[in-house]
Every structure is written in structure tokens, then in C-alpha cells.
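> This is the structure I have questions about; it appears just below.
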Amino acid sequence: GLNWIWENTLDYSKTFNDHTLTLLGGYTAQKQNNDLQFIQANSFPDDQVKTISGGIVTGGSAVKEQWTLVSALARANYSYKDKYLLSALIRSDKSSRFGTGNQTGIFPSVSAGWRIDQESFMANIESINELKLRASYGATGNNRITDFAWLDLLYSANYPFGSGNGTSTSGQGASASFLGNPDITWERTFSNNFGLDLSILKNKISLSVDVYESNTEKLLLQQSAMAFTGVPQFWNNNGSLKNNGIEVELNTKNINKKDFKWSTSFNISHTQNKVTELGKEAYLLNYGERVEVYQSKLGEPLVQYFGYKTDGI
């Protein structure tokens, strides 16, 4: 396989009085080419035989696929007296994994920060080295599905001709595994985050707290197709998902001497996950690598292990 990426960025910075402004624009292009061939053989006369023709060929396959991504982005950072911070970004991504008219996704975001420790009323509080409030809101995208899922792909197939059982003739036929869906597009997640950073006693104790929530729309899922299509599944933007939680991290520098240092780090997080929409489906079932079954059910976590209860083996 071959993967190339081409990136171009242009940035501009300007400081005037107590204001600092930084602008950035960018354009990137990326392409992945995969050309894989696999041949399997057995019944070699000796382990020293290193050629496929030395055994009996029992199978083989070949894969040739590619994907591309073209992106444009713009970002602006602004600060006033290094106390009030603001950042805004917007990017556009165009993916070959979606059909014509559905390839482009737009993803904006904005964040703000307030360095309270830089305020004049904090000047006499020597025990606090850093105190900062943060907030952000923005969108991200997901296109991680199989290539060409929006097309009905052709695979090897046999056709019978003639009377009776006829004669089997090799040819090409549409996939019997997935039905192409030209309407699929980017999955998008809108997230908001509120955070606090605190450092005290000459940075010996540092605390970081984040509270967040995210909502995913147009969830890319493998949905069951109606039986008359002759194909069991197809990719679809079918559903939405909600996550919310809190993260806490505490770091301490207990001893910091030339020949002995002792520091500790503690973190804890709690996340809740819930499926808020599955189109018209009450639930979806997916198989894992060992044929175990996972269930996604409306109103419950996205992935649940699903099967019979047993008393053991």
C-alpha cells in the first residue's frame, strides 16, 4: 500500500498594545492506495521448498482499493493581556467514502479561556500559581467505514445456462453481503466541555477538572435490509448517541530534591453512554471476531454483550 499526504499552511501573527491575534489557513490532500494479493498452498514435499508452485494451491484473493480526503481549514486565536483567550476554527473535509453530493462535511468549533490568576485581585494571593476556566463547543466528523460502501460492488459469481441443470459459467454479480447506499454521509459529533485548572503552593499541587457532553448524529451503522433485496445489510446514517461525564486529575510533587524525587498522580472519570435514536429499529445486533453477539438498543449503551446466561463450563 501507498499513502501520501500533502499539507499547505499559512499563518499570520500580530501583537498590538495588549492584543494578540494569530490567523492560520490550510489546505491538505491525502490518498491511500492498497493493492494486496494473497495465495495459499499446502502439501509441500519439504519445508525447504519456498515457492508456491512447489505445493498444491488451495486458495487466493486479491484486493485493490483506494480512498482520498481533501480538507480546508481556517483558525483564529485571540488573547487580551494574556488573560482572556478565544479560539475559533472551521474546517471542510471531502471524503471519497461517500457518494456525489454527500462527500463534504463542515466542522466548526470555538473555545474560550479565562486566566483568573492574571487578574489584579489575585496579585496578593501567593499560594495560587494558576487558576483558569475553560469552555469549548464544536463538531467533529467520522468517515471510518469500508471503501465504496455507497456503491453496489461486483464480485465473482456463477451463471447457469442451458436446459436442465445447465452449464455453470463464471462472471460478475453484485455483492451478496452489503447493499450500496448513495445517500450515506459524514457522522458528526457535537461536543461541549467545561474545565478548571488549578495549581497551588509553587505548583506542588495541580488539579484539573473537566465536565463534558457530546451528541452524535447520523450515526454510521450497518443496518439490516429487507429480505426481498437479497442482501442482509447496508451502511446507513441511522441513529444518534449521547455521552456525558466528568474527569478529574490530581498531581502532587511531594519531595523534589537533587538525589530524591517523589510525585504522585491520581485520576478518575465517569462516563454515561446512551443510544437516543436508531431510526425505526428497536435494536441492532453485531457479531464480534469470535462470533459473539453485541447489541445496540434504544435508550441503553451503544455496545452491550448479548447472549445466554450460563452457570459456567
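How things are named: the first chain in the C-alpha cells is A, the next is B, and so on; residues count from 1 in each chain; ligands count from 1 in the order shown.
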For Asn267 in chain A, find every residue with an atom within 9 Å (counting only C-alpha atoms), except residues of its own chain fewer than 6 positions away, and show them as a ChimeraX atom specification.
/A:247-251
> For the strand (DSSP E or B) assignment from backbone DSSP, which residues of range 89-287 of chain A qualify? Please present them as an MDAnalysis selection string.
chainID A and resid 89:95 104:115 128:142 154:161 167:174 178:179 187:200 205:217 220:224 233:237 240:256 261:278 280 283:287
> Excluding Gly138 in chain A and residues on its chain fewer than 3 positions from it, collect all residues at most 8 Å away from it, counting only C-alpha atoms, and give them as a PyMOL selection string.
chain A and resi 107-110+190-192
> Output all heavy atoms of each residue in that selection to a file, as a CSV table (one decimal), in the first residue's frame.

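What ended up in out.csv:
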```csv
chain,number,residue,atom,x,y,z
A,107,PHE,N,-17.2,21.3,9.8
A,107,PHE,CA,-17.0,21.1,11.2
A,107,PHE,C,-16.4,22.4,11.9
A,107,PHE,O,-15.2,22.7,11.8
A,107,PHE,CB,-16.1,19.9,11.5
A,107,PHE,CG,-16.4,18.7,10.7
A,107,PHE,CD1,-15.7,18.3,9.6
A,107,PHE,CD2,-17.5,18.0,11.1
A,107,PHE,CE1,-16.1,17.2,8.8
A,107,PHE,CE2,-17.9,16.8,10.4
A,107,PHE,CZ,-17.2,16.5,9.2
A,108,PRO,N,-17.3,23.2,12.6
A,108,PRO,CA,-16.8,24.4,13.3
A,108,PRO,C,-16.6,24.1,14.7
A,108,PRO,O,-17.1,23.1,15.3
A,108,PRO,CB,-18.0,25.3,13.1
A,108,PRO,CG,-19.2,24.4,13.1
A,108,PRO,CD,-18.8,23.1,12.5
A,109,SER,N,-15.8,24.9,15.4
A,109,SER,CA,-15.6,24.8,16.8
A,109,SER,C,-15.1,26.2,17.4
A,109,SER,O,-14.5,27.0,16.7
A,109,SER,CB,-14.5,23.7,17.2
A,109,SER,OG,-13.3,24.1,16.7
A,110,VAL,N,-15.4,26.4,18.7
A,110,VAL,CA,-15.0,27.6,19.3
A,110,VAL,C,-14.6,27.3,20.8
A,110,VAL,O,-15.2,26.4,21.4
A,110,VAL,CB,-16.1,28.7,19.3
A,110,VAL,CG1,-17.4,28.2,20.0
A,110,VAL,CG2,-15.6,30.0,19.8
A,190,PHE,N,-21.2,16.6,18.1
A,190,PHE,CA,-21.2,18.0,18.7
A,190,PHE,C,-20.9,17.8,20.2
A,190,PHE,O,-21.6,17.2,20.9
A,190,PHE,CB,-22.5,18.7,18.5
A,190,PHE,CG,-22.8,19.0,17.1
A,190,PHE,CD1,-23.5,18.0,16.3
A,190,PHE,CD2,-22.4,20.2,16.5
A,190,PHE,CE1,-23.7,18.3,14.9
A,190,PHE,CE2,-22.7,20.4,15.1
A,190,PHE,CZ,-23.4,19.5,14.4
A,191,SER,N,-19.8,18.5,20.6
A,191,SER,CA,-19.3,18.3,22.0
A,191,SER,C,-19.2,19.6,22.7
A,191,SER,O,-18.8,20.6,22.1
A,191,SER,CB,-17.9,17.6,22.0
A,191,SER,OG,-18.0,16.4,21.3
A,192,ASN,N,-19.5,19.7,24.0
A,192,ASN,CA,-19.2,20.8,24.8
A,192,ASN,C,-18.4,20.4,26.0
A,192,ASN,O,-18.6,19.3,26.5
A,192,ASN,CB,-20.4,21.6,25.1
A,192,ASN,CG,-21.5,20.8,25.9
A,192,ASN,OD1,-21.3,20.4,27.0
A,192,ASN,ND2,-22.6,20.5,25.2
```
> For range 231-239 of chain A, please output as a list in words all residues within 6 Å (counting only C-alpha atoms; exclusion window: fewer than 3 positions along the same chain).
Ala176, Ser177, Phe178, Leu179, Ile184, Lys218, Leu219, Leu220, Leu221, Gln222, Gln223, Ser224, Ala225, Glu277, Leu278 and Gly279 of chain A
> Hey, can you spit out that residue selection with N, CA, C and O atoms as a short mmCIF file (atom, residue, chain, number, x, y, z; two decimals), in the first residue's frame?

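Output below, filename out15.cif:
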```
data_model
loop_
_atom_site.label_atom_id
_atom_site.label_comp_id
_atom_site.auth_asym_id
_atom_site.auth_seq_id
_atom_site.Cartn_x
_atom_site.Cartn_y
_atom_site.Cartn_z
N ALA A 176 -23.39 -9.97 -2.37
CA ALA A 176 -24.46 -10.62 -1.63
C ALA A 176 -24.35 -10.31 -0.14
O ALA A 176 -25.11 -10.84 0.67
N SER A 177 -23.40 -9.43 0.25
CA SER A 177 -23.18 -9.12 1.67
C SER A 177 -23.70 -7.74 2.05
O SER A 177 -24.30 -7.57 3.11
N PHE A 178 -23.44 -6.72 1.19
CA PHE A 178 -23.84 -5.36 1.50
C PHE A 178 -24.49 -4.70 0.30
O PHE A 178 -24.04 -4.86 -0.83
N LEU A 179 -25.53 -3.95 0.57
CA LEU A 179 -26.22 -3.19 -0.46
C LEU A 179 -25.68 -1.76 -0.45
O LEU A 179 -25.55 -1.14 0.61
N ILE A 184 -25.43 7.88 2.08
CA ILE A 184 -24.67 7.98 3.32
C ILE A 184 -23.73 9.17 3.28
O ILE A 184 -23.24 9.57 2.22
N LYS A 218 -26.47 11.20 12.88
CA LYS A 218 -26.22 10.49 11.63
C LYS A 218 -25.21 9.35 11.84
O LYS A 218 -24.26 9.19 11.07
N LEU A 219 -25.44 8.58 12.88
CA LEU A 219 -24.54 7.50 13.24
C LEU A 219 -24.40 6.51 12.09
O LEU A 219 -25.38 6.02 11.54
N LEU A 220 -23.15 6.22 11.71
CA LEU A 220 -22.89 5.26 10.62
C LEU A 220 -22.95 3.84 11.17
O LEU A 220 -22.07 3.40 11.90
N LEU A 221 -24.02 3.13 10.79
CA LEU A 221 -24.24 1.77 11.29
C LEU A 221 -24.56 0.83 10.13
O LEU A 221 -25.05 1.25 9.08
N GLN A 222 -24.29 -0.44 10.35
CA GLN A 222 -24.68 -1.47 9.39
C GLN A 222 -26.09 -1.91 9.74
O GLN A 222 -26.31 -2.63 10.71
N GLN A 223 -27.04 -1.47 8.95
CA GLN A 223 -28.44 -1.72 9.23
C GLN A 223 -28.95 -2.90 8.41
O GLN A 223 -28.52 -3.12 7.28
N SER A 224 -29.88 -3.64 9.00
CA SER A 224 -30.47 -4.77 8.29
C SER A 224 -31.33 -4.28 7.13
O SER A 224 -32.05 -3.29 7.24
N ALA A 225 -31.23 -4.99 5.99
CA ALA A 225 -32.03 -4.65 4.81
C ALA A 225 -33.23 -5.59 4.71
O ALA A 225 -33.23 -6.69 5.28
N GLU A 277 -31.36 7.31 19.37
CA GLU A 277 -32.16 7.06 18.18
C GLU A 277 -31.52 5.96 17.35
O GLU A 277 -30.30 5.91 17.22
N LEU A 278 -32.34 5.07 16.81
CA LEU A 278 -31.87 4.02 15.90
C LEU A 278 -32.78 3.95 14.68
O LEU A 278 -33.11 2.86 14.21
N GLY A 279 -33.19 5.09 14.17
CA GLY A 279 -34.11 5.08 13.05
C GLY A 279 -35.42 4.42 13.50
O GLY A 279 -35.99 4.76 14.52
#
```
> Counting only C-alpha atoms, which of A:Ile268, A:Ala135, A:Ala149, A:Leu23 gets nearest to Ala74 in chain A?
A:Leu23
> Hey, which of A:Ile145, A:Leu241, A:Tyr308, A:Tyr155 ends up closest to Ala62 in chain A? Count only C-alpha atoms.
A:Tyr155
> Could you name the residues that touch range 294-302 of chain A at 9 Å or less, counting only C-alpha atoms, but leaving out those on the same chain fewer than 6 positions away, as a ChimeraX atom specification?
/A:241,272-278,281-288
> Using N, CA and C atoms, can you export the residues from the last selection as a JSON list (two decimals), in the first residue's frame?

```json
[["chain", "number", "residue", "atom", "x", "y", "z"],
["A", 241, "LEU", "N", -26.45, 9.30, 19.32],
["A", 241, "LEU", "CA", -25.80, 8.77, 20.52],
["A", 241, "LEU", "C", -25.44, 9.93, 21.43],
["A", 272, "GLN", "N", -21.23, 8.28, 30.97],
["A", 272, "GLN", "CA", -22.51, 7.64, 30.67],
["A", 272, "GLN", "C", -22.74, 7.69, 29.16],
["A", 273, "ASN", "N", -23.21, 6.59, 28.61],
["A", 273, "ASN", "CA", -23.40, 6.46, 27.17],
["A", 273, "ASN", "C", -24.81, 5.95, 26.92],
["A", 274, "LYS", "N", -25.51, 6.55, 25.96],
["A", 274, "LYS", "CA", -26.88, 6.14, 25.70],
["A", 274, "LYS", "C", -27.24, 6.32, 24.22],
["A", 275, "VAL", "N", -27.86, 5.32, 23.64],
["A", 275, "VAL", "CA", -28.38, 5.42, 22.27],
["A", 275, "VAL", "C", -29.71, 6.16, 22.33],
["A", 276, "THR", "N", -29.81, 7.28, 21.61],
["A", 276, "THR", "CA", -31.02, 8.10, 21.66],
["A", 276, "THR", "C", -31.90, 7.93, 20.43],
["A", 277, "GLU", "N", -31.36, 7.31, 19.37],
["A", 277, "GLU", "CA", -32.16, 7.06, 18.18],
["A", 277, "GLU", "C", -31.52, 5.96, 17.35],
["A", 278, "LEU", "N", -32.34, 5.07, 16.81],
["A", 278, "LEU", "CA", -31.87, 4.02, 15.90],
["A", 278, "LEU", "C", -32.78, 3.95, 14.68],
["A", 281, "GLU", "N", -35.45, 1.16, 14.09],
["A", 281, "GLU", "CA", -35.03, -0.10, 14.69],
["A", 281, "GLU", "C", -35.15, -0.02, 16.21],
["A", 282, "ALA", "N", -35.63, -1.11, 16.84],
["A", 282, "ALA", "CA", -35.67, -1.19, 18.30],
["A", 282, "ALA", "C", -34.29, -1.54, 18.84],
["A", 283, "TYR", "N", -33.53, -2.32, 18.05],
["A", 283, "TYR", "CA", -32.17, -2.70, 18.43],
["A", 283, "TYR", "C", -31.43, -3.19, 17.21],
["A", 284, "LEU", "N", -30.11, -3.24, 17.30],
["A", 284, "LEU", "CA", -29.26, -3.78, 16.24],
["A", 284, "LEU", "C", -28.31, -4.80, 16.87],
["A", 285, "LEU", "N", -28.02, -5.87, 16.15],
["A", 285, "LEU", "CA", -27.10, -6.90, 16.61],
["A", 285, "LEU", "C", -25.89, -6.93, 15.69],
["A", 286, "ASN", "N", -24.70, -7.03, 16.26],
["A", 286, "ASN", "CA", -23.46, -7.14, 15.50],
["A", 286, "ASN", "C", -22.61, -8.27, 16.07],
["A", 287, "TYR", "N", -21.87, -8.93, 15.17],
["A", 287, "TYR", "CA", -21.03, -10.04, 15.59],
["A", 287, "TYR", "C", -19.58, -9.58, 15.77],
["A", 288, "GLY", "N", -18.94, -10.12, 16.83],
["A", 288, "GLY", "CA", -17.54, -9.84, 17.07],
["A", 288, "GLY", "C", -16.65, -10.82, 16.32]]
```
> Might you pull out every residue within 7 Å of Lys253 in chain A, with only C-alpha atoms counted and same-chain residues fewer than 3 positions away left off, and present them as an NGL selection string?
:A and (204-205 or 256 or 262-264)
> Those residues with N, CA and C atoms, as an mmCIF file, in the first residue's frame please?

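Everything below was put into result27.cif:
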```
data_model
loop_
_atom_site.group_PDB
_atom_site.id
_atom_site.type_symbol
_atom_site.label_atom_id
_atom_site.label_comp_id
_atom_site.auth_asym_id
_atom_site.auth_seq_id
_atom_site.Cartn_x
_atom_site.Cartn_y
_atom_site.Cartn_z
ATOM 1 N N LYS A 204 3.153 22.731 43.487
ATOM 2 C CA LYS A 204 3.318 21.406 44.100
ATOM 3 C C LYS A 204 2.044 20.574 43.996
ATOM 4 N N ILE A 205 0.908 21.239 43.925
ATOM 5 C CA ILE A 205 -0.374 20.539 43.799
ATOM 6 C C ILE A 205 -1.116 21.113 42.598
ATOM 7 N N ASN A 256 11.066 16.987 46.123
ATOM 8 C CA ASN A 256 11.802 17.308 44.906
ATOM 9 C C ASN A 256 13.206 17.787 45.273
ATOM 10 N N TRP A 262 9.838 12.506 44.583
ATOM 11 C CA TRP A 262 8.632 11.694 44.792
ATOM 12 C C TRP A 262 7.415 12.512 44.358
ATOM 13 N N SER A 263 6.698 11.990 43.382
ATOM 14 C CA SER A 263 5.481 12.647 42.900
ATOM 15 C C SER A 263 4.373 11.620 42.772
ATOM 16 N N THR A 264 3.158 12.086 42.833
ATOM 17 C CA THR A 264 2.010 11.191 42.704
ATOM 18 C C THR A 264 1.044 11.749 41.665
#
```
> Pick the closest to Ile56 in chain A from A:Ala76, A:Ala112, A:Leu2, A:Ala41: which is it, counting only C-alpha atoms?
A:Ala41
> What is the CA of Asp93 in chain A to CA of Asn243 in chain A distance in Å?
24.1 Å
> Record the distance separating CA of Trp150 in chain A and CA of Asn3 in chain A, expressed in Å with one decimal.
22.2 Å
> Counting only C-alpha atoms, figure out which residue out of A:Ser79, A:Val57, A:Gly101, A:Gln66 gets nearest to Lys14 in chain A.
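Under the stated criterion, the closest residue is A:Ser79.
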